[in-house]
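First up is the structure itself, then whatever we jot down about it.
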Amino acid sequence: MAAIRILPEYLINQIAAGEVVERPASVVKELVENALDAGADMIVIDVTDGGRGLISIIDNGCGMSRIDLEKSIMRHATSKLQTDDLLNINTMGFRGEALPSIASVSDMTIDTCRMGESGLVLDCSTGRIKPSAWESGTRIRVENLFAKTPARLKFLRADRAEMMSVVEVVKRLALSRPDVGFILNNKWRFPKNQPLMERVIAVMGEDTQGRMIELDTVDSGATLRLSGFISEPTLRRASSIDQYLFVNGRIVKDKVLNTALRASYMDVMSAREFPLCALYLELPAREVDVNVHPAKTEVHFLEPARVRSFIIRTIRDALSRTMIPGMSAENFSSEKIQNNSPLFIREPENFIRGLELWGSDSKSDINYVGANENSPTGVRNDERANYHTTKSTISSGPGFHSPLQDFPLGRAIGQIGNKYIIAENASGMVIVDQHAAHERITYERLRARELKRQPLLVPAIIKLKPEEVSAIIEIREELDACGLKIDEFGDDSVAIYERPADWEMDWAAMLRAVAQEVGAHSHSSKLVEKLHLKLANYACHHSVRAGQKLDYAQMDALLRDIENTERSGQCNHGRPVYKIIKISELDSWFERV
Ligand code: ADP
Ligand code: MG
């Protein structure tokens, strides 16, 4: 073997650059983060030829003194770690690597001016500093990126593709700081102090308008806070492109957050679709390690399980509020409806009879039954009579106002194509997809029912690897909630004592899959997902079909049930359940404005 050689400084920097600056977009990210750390509230970015020609970043931050300017391109030189505490980082940067790395793979110049001092320019190739006419803040120009490292240059994609990555990074940065103004190539403009929802629309597109749910929750220990916007389940993308996650203001790619987001939407969206979000998690700097990866996009949480369950709880809570407009939990608690309205139809007692899994033995057919003669709906006969009288008065004149109209989804007027229910409420016309609606109702009720468990006379012993055993035991409680009672059985086996009744599956394979997921993400949603899938399929097959004729009472009963169902805005597959068309919109159709 050849003798050991201590590498020259420029080579060390080029090696570091391999990690920090992968492509033009990463240069933009590092330089904009520096501008943010310098306190800038306006950042102007120009990128030509996908970043190969020029990357220029101008900020109105604090600028640098002569001494700092000289040090700024030295390796491991930073103004951001004033103590040696790596667990108390409150800036974007802290590694002192970006400027020397970028300088080593490009031709870079820095113009800067600290308040009260005069302007300076540093030519990073020569290290020479000269006076400049620069008056405030900093401008960094990066030219001929990777020209000195042809291998890296070869890996760059077409200019247009690189530019798309740059736009993507700038969008992420823009969402991370709505208080700061950003301009990219004079084309993408985000004004400073933009309200967050406006910035969400600017970044994710017009279709988010009015369809994002705001949330802001602090956990009981008051150390975690999650705020921002998530999409209604009917608004979704085919990829995770519009998922923006920030931890203490930092753009992150994090498995804990991603799996939590996915788990939160599990029963309102298929796994192949992706909700949109701009979510901001804040927690004490000491509870998250940001020094995991040179690009600083990965983090480690001190207590990942706590973070995950807080996020899932918060998002699910926000999603369960996606109800009908005007129907806040207080105004329309089921109790109130029950008391105030003779027409409230309670859950039919035998609604889900026949569901062996959920603890009933009868196998009676499940039909949607509303206020039918022989249906156990809880509507008394006199009430029904009242209802029919009401109905007959409907035709008695245009001035008639049915009390049913005051319900969020109004009163049924008819059915179209034996598929859609048309109703009228106070604001206009309501169209309901009867199958989607019923499916959601059935599903939510199944979920609310207790799972029937089946104790095993002889415990089933399943042989696993020791690390799989500990993974399974780690999430024993979660499994228990799915009806699976499990315990250790020696070092390399687990014993199943109880399992969900009438649910045949290859439990050994399932547990192995669960263990692997726990190993990789310290969490597994496989079993819960399976369980939900089973519920969803059941709900789908036992719901009124499209094509089934319903009478008025059945339609009204269905409308009332939707109003009383959580997450009623969409079916289990994420399709919308109803649409409301305002009178004003109808007016505009007929040019009655
Ligand atoms: P880090 O950001 O990790 O400190 P960098 O190499 O990115 O490392 O930057 C080195 C130092 O240069 C920073 O700590 C900061 O003091 C200074 N600096 C870089 N960019 C700017 C800027 N736009 N305005 C003011 N100071 C800057
Ligand atoms: Mg930096």
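Residue numbering restarts at 1 for every chain of the structure tokens, chains are lettered A, B, ... in their displayed order, and ligands are numbered from 1 as they appear.
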Can you list every residue of chain A that has an atom at most 9 Å from ligand 1, with its nearest atom pair and the distance in Å to one decimal, using only C-alpha atoms and all ligand atoms, ordered by chain then number, as a Markdown table?
| residue | atom | partner | partner_atom_place_in_ligand_line | distance |
| --- | --- | --- | --- | --- |
| A:Glu30 | CA | ligand 1 | 7 (O) | 6.3 |
| A:Leu31 | CA | ligand 1 | 20 (N) | 6.5 |
| A:Val32 | CA | ligand 1 | 23 (N) | 7.4 |
| A:Glu33 | CA | ligand 1 | 2 (O) | 7.3 |
| A:Asn34 | CA | ligand 1 | 20 (N) | 4.5 |
| A:Ala35 | CA | ligand 1 | 23 (N) | 4.0 |
| A:Leu36 | CA | ligand 1 | 23 (N) | 7.6 |
| A:Asp37 | CA | ligand 1 | 24 (N) | 7.4 |
| A:Ala38 | CA | ligand 1 | 24 (N) | 4.8 |
| A:Gly39 | CA | ligand 1 | 24 (N) | 8.1 |
| A:Ala40 | CA | ligand 1 | 24 (N) | 8.1 |
| A:Ile57 | CA | ligand 1 | 23 (N) | 8.1 |
| A:Ile58 | CA | ligand 1 | 23 (N) | 7.7 |
| A:Asp59 | CA | ligand 1 | 23 (N) | 6.4 |
| A:Asn60 | CA | ligand 1 | 24 (N) | 8.3 |
| A:Gly61 | CA | ligand 1 | 24 (N) | 5.8 |
| A:Cys62 | CA | ligand 1 | 25 (C) | 5.7 |
| A:Gly63 | CA | ligand 1 | 25 (C) | 4.3 |
| A:Met64 | CA | ligand 1 | 25 (C) | 5.2 |
| A:Ser65 | CA | ligand 1 | 26 (N) | 8.8 |
| A:Asp68 | CA | ligand 1 | 16 (O) | 6.6 |
| A:Leu69 | CA | ligand 1 | 12 (O) | 6.9 |
| A:Lys71 | CA | ligand 1 | 12 (O) | 7.4 |
| A:Ser72 | CA | ligand 1 | 12 (O) | 4.1 |
| A:Ile73 | CA | ligand 1 | 6 (O) | 6.3 |
| A:Met74 | CA | ligand 1 | 6 (O) | 7.7 |
| A:Arg75 | CA | ligand 1 | 6 (O) | 7.4 |
| A:His76 | CA | ligand 1 | 8 (O) | 7.3 |
| A:Ala77 | CA | ligand 1 | 10 (C) | 5.9 |
| A:Thr78 | CA | ligand 1 | 14 (O) | 3.5 |
| A:Ser79 | CA | ligand 1 | 14 (O) | 4.0 |
| A:Lys80 | CA | ligand 1 | 14 (O) | 5.3 |
| A:Leu81 | CA | ligand 1 | 4 (O) | 7.7 |
| A:Thr91 | CA | ligand 1 | 2 (O) | 8.1 |
| A:Met92 | CA | ligand 1 | 2 (O) | 6.8 |
| A:Gly93 | CA | ligand 1 | 3 (O) | 3.6 |
| A:Phe94 | CA | ligand 1 | 3 (O) | 3.6 |
| A:Arg95 | CA | ligand 1 | 3 (O) | 3.9 |
| A:Gly96 | CA | ligand 1 | 8 (O) | 3.1 |
| A:Glu97 | CA | ligand 1 | 6 (O) | 4.3 |
| A:Ala98 | CA | ligand 1 | 6 (O) | 3.8 |
| A:Leu99 | CA | ligand 1 | 6 (O) | 3.8 |
| A:Pro100 | CA | ligand 1 | 6 (O) | 6.0 |
| A:Ser101 | CA | ligand 1 | 6 (O) | 7.6 |
| A:Ile102 | CA | ligand 1 | 6 (O) | 8.5 |
| A:Ile110 | CA | ligand 1 | 20 (N) | 8.8 |
| A:Thr112 | CA | ligand 1 | 24 (N) | 7.5 |
| A:Cys113 | CA | ligand 1 | 25 (C) | 8.9 |
| A:Arg114 | CA | ligand 1 | 25 (C) | 8.5 |
| A:Gly137 | CA | ligand 1 | 24 (N) | 6.6 |
| A:Thr138 | CA | ligand 1 | 23 (N) | 5.2 |
| A:Arg139 | CA | ligand 1 | 23 (N) | 7.0 |
| A:Ile140 | CA | ligand 1 | 23 (N) | 7.3 |
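Closest approach to Thr217 of chain A from the set A:Ala471, A:Ala437, A:Val200, A:Ala318 is made by A:Ala318, with distances taken over only C-alpha atoms.
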Query - For Ala285 of chain A, the nearest of the candidates A:Asn425, A:Asn185, A:Asn90, A:Ser176, counting only C-alpha atoms - result: A:Asn90
Query raised in the report: With distances taken over only C-alpha atoms and all ligand atoms, which of A:Ile12, A:Leu54, A:Val21, A:Leu409 is nearest to ligand 2?
Result: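 Under the stated criterion, the closest residue is A:Val21.
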**Report entry** Selection: 8 Å around His438 of chain A, only C-alpha atoms, excl. self and same-chain fewer than 6 positions, as a PyMOL selection string
**Finding:** chain A and resi 543-544+558+562
Residue subset to file, keeping all heavy atoms, as a JSON list (two decimals), in the first residue's frame:
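To be explicit, this is the file written out as selection39.json:
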[["chain", "number", "residue", "atom", "x", "y", "z"],
["A", 543, "SER", "N", -73.06, -0.97, 1.89],
["A", 543, "SER", "CA", -73.65, 0.37, 1.83],
["A", 543, "SER", "C", -74.60, 0.42, 0.66],
["A", 543, "SER", "O", -74.47, -0.35, -0.29],
["A", 543, "SER", "CB", -72.55, 1.41, 1.64],
["A", 543, "SER", "OG", -71.69, 1.38, 2.74],
["A", 544, "VAL", "N", -75.53, 1.37, 0.73],
["A", 544, "VAL", "CA", -76.44, 1.50, -0.40],
["A", 544, "VAL", "C", -75.60, 1.74, -1.64],
["A", 544, "VAL", "O", -74.63, 2.47, -1.63],
["A", 544, "VAL", "CB", -77.45, 2.67, -0.26],
["A", 544, "VAL", "CG1", -78.58, 2.28, 0.63],
["A", 544, "VAL", "CG2", -76.78, 3.93, 0.17],
["A", 558, "LEU", "N", -80.62, 9.58, 5.54],
["A", 558, "LEU", "CA", -79.22, 9.50, 5.16],
["A", 558, "LEU", "C", -78.53, 10.87, 5.34],
["A", 558, "LEU", "O", -77.42, 10.96, 5.86],
["A", 558, "LEU", "CB", -79.10, 9.02, 3.70],
["A", 558, "LEU", "CG", -77.71, 8.71, 3.18],
["A", 558, "LEU", "CD1", -77.00, 7.68, 4.05],
["A", 558, "LEU", "CD2", -77.77, 8.17, 1.75],
["A", 562, "ILE", "N", -75.31, 11.67, 7.75],
["A", 562, "ILE", "CA", -74.03, 12.25, 7.30],
["A", 562, "ILE", "C", -73.64, 13.39, 8.23],
["A", 562, "ILE", "O", -72.49, 13.52, 8.63],
["A", 562, "ILE", "CB", -74.13, 12.80, 5.87],
["A", 562, "ILE", "CG1", -74.60, 11.72, 4.91],
["A", 562, "ILE", "CG2", -72.78, 13.35, 5.42],
["A", 562, "ILE", "CD1", -74.98, 12.29, 3.56]]
Query raised in the report: For Asp556 of chain A, which residue out of A:Arg286, A:Arg411, A:His435, A:Lys465 is the nearest one, using only C-alpha atoms?
Result: A:Arg411
Query raised in the report: Near Ile496 of chain A, within 10 Å and counting only C-alpha atoms, which residues show up once chain neighbours fewer than 6 positions away are dropped, as a ChimeraX atom specification?
Result: /A:455-456,458-462,484-489,507
Would you mind exporting C-alpha atoms of the selected residues as a PDB file, in the first residue's frame?
ATOM      1  CA  PRO A 455     -59.058 -15.822  23.142  1.00  0.00           C
ATOM      2  CA  LEU A 456     -57.083 -18.823  21.942  1.00  0.00           C
ATOM      3  CA  VAL A 458     -53.730 -22.827  23.074  1.00  0.00           C
ATOM      4  CA  PRO A 459     -51.569 -19.760  22.482  1.00  0.00           C
ATOM      5  CA  ALA A 460     -50.118 -19.620  18.997  1.00  0.00           C
ATOM      6  CA  ILE A 461     -46.329 -19.515  19.181  1.00  0.00           C
ATOM      7  CA  ILE A 462     -44.611 -17.665  16.403  1.00  0.00           C
ATOM      8  CA  LEU A 484     -54.010  -8.835  19.164  1.00  0.00           C
ATOM      9  CA  LYS A 485     -52.815  -9.859  22.610  1.00  0.00           C
ATOM     10  CA  ILE A 486     -49.205 -10.842  22.491  1.00  0.00           C
ATOM     11  CA  ASP A 487     -46.324 -11.577  24.806  1.00  0.00           C
ATOM     12  CA  GLU A 488     -42.729 -12.660  24.676  1.00  0.00           C
ATOM     13  CA  PHE A 489     -42.132 -16.403  24.567  1.00  0.00           C
ATOM     14  CA  TRP A 507     -50.119 -13.979  11.497  1.00  0.00           C
TER      15      TRP A 507
END
Report task. Tell me which protein, DNA and RNA residues are within 6 Å of segment 268-283 of chain A, counting only C-alpha atoms, leaving out same-chain ones fewer than 6 positions away, and put them as a PyMOL selection string. Result -> chain A and resi 223-231+236-240+242-248+572-574
Report task. Kindly indicate which residue among A:Pro195, A:Gly51, A:Pro408, A:Pro131 lies nearest to Ala423 of chain A, using only C-alpha atoms for the distances. Result ->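 Under the stated criterion, the closest residue is A:Pro408.
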Query - From A:Lys192, A:Lys296, A:Arg128, A:Arg160, residue lying nearest ligand 2 [only C-alpha atoms and all ligand atoms] - result: A:Lys296
Query - Distance in Å - atom CA of Leu319 of chain A versus atom CA of Ser568 of chain A - result: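 Between these atoms lies a distance of 9.7 Å.
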Report task. Considering only C-alpha atoms, return as a list in words whatever protein or nucleic-acid residues lie within 12 Å of Arg512 of chain A, sequence-local ones (same chain, fewer than 4 positions apart) excluded. Result ->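 Near Arg512 of chain A, the qualifying residues are Ile462, Lys463, Leu464, Lys465, Pro466, Glu467, Glu468, Val469, Ser470, Ala471, Ile472, Ser493, Val494, Asp506, Trp507, Ala508, Gln516, Glu517, Val518, Gly519, Ser524, Lys526 and Leu527 of chain A.
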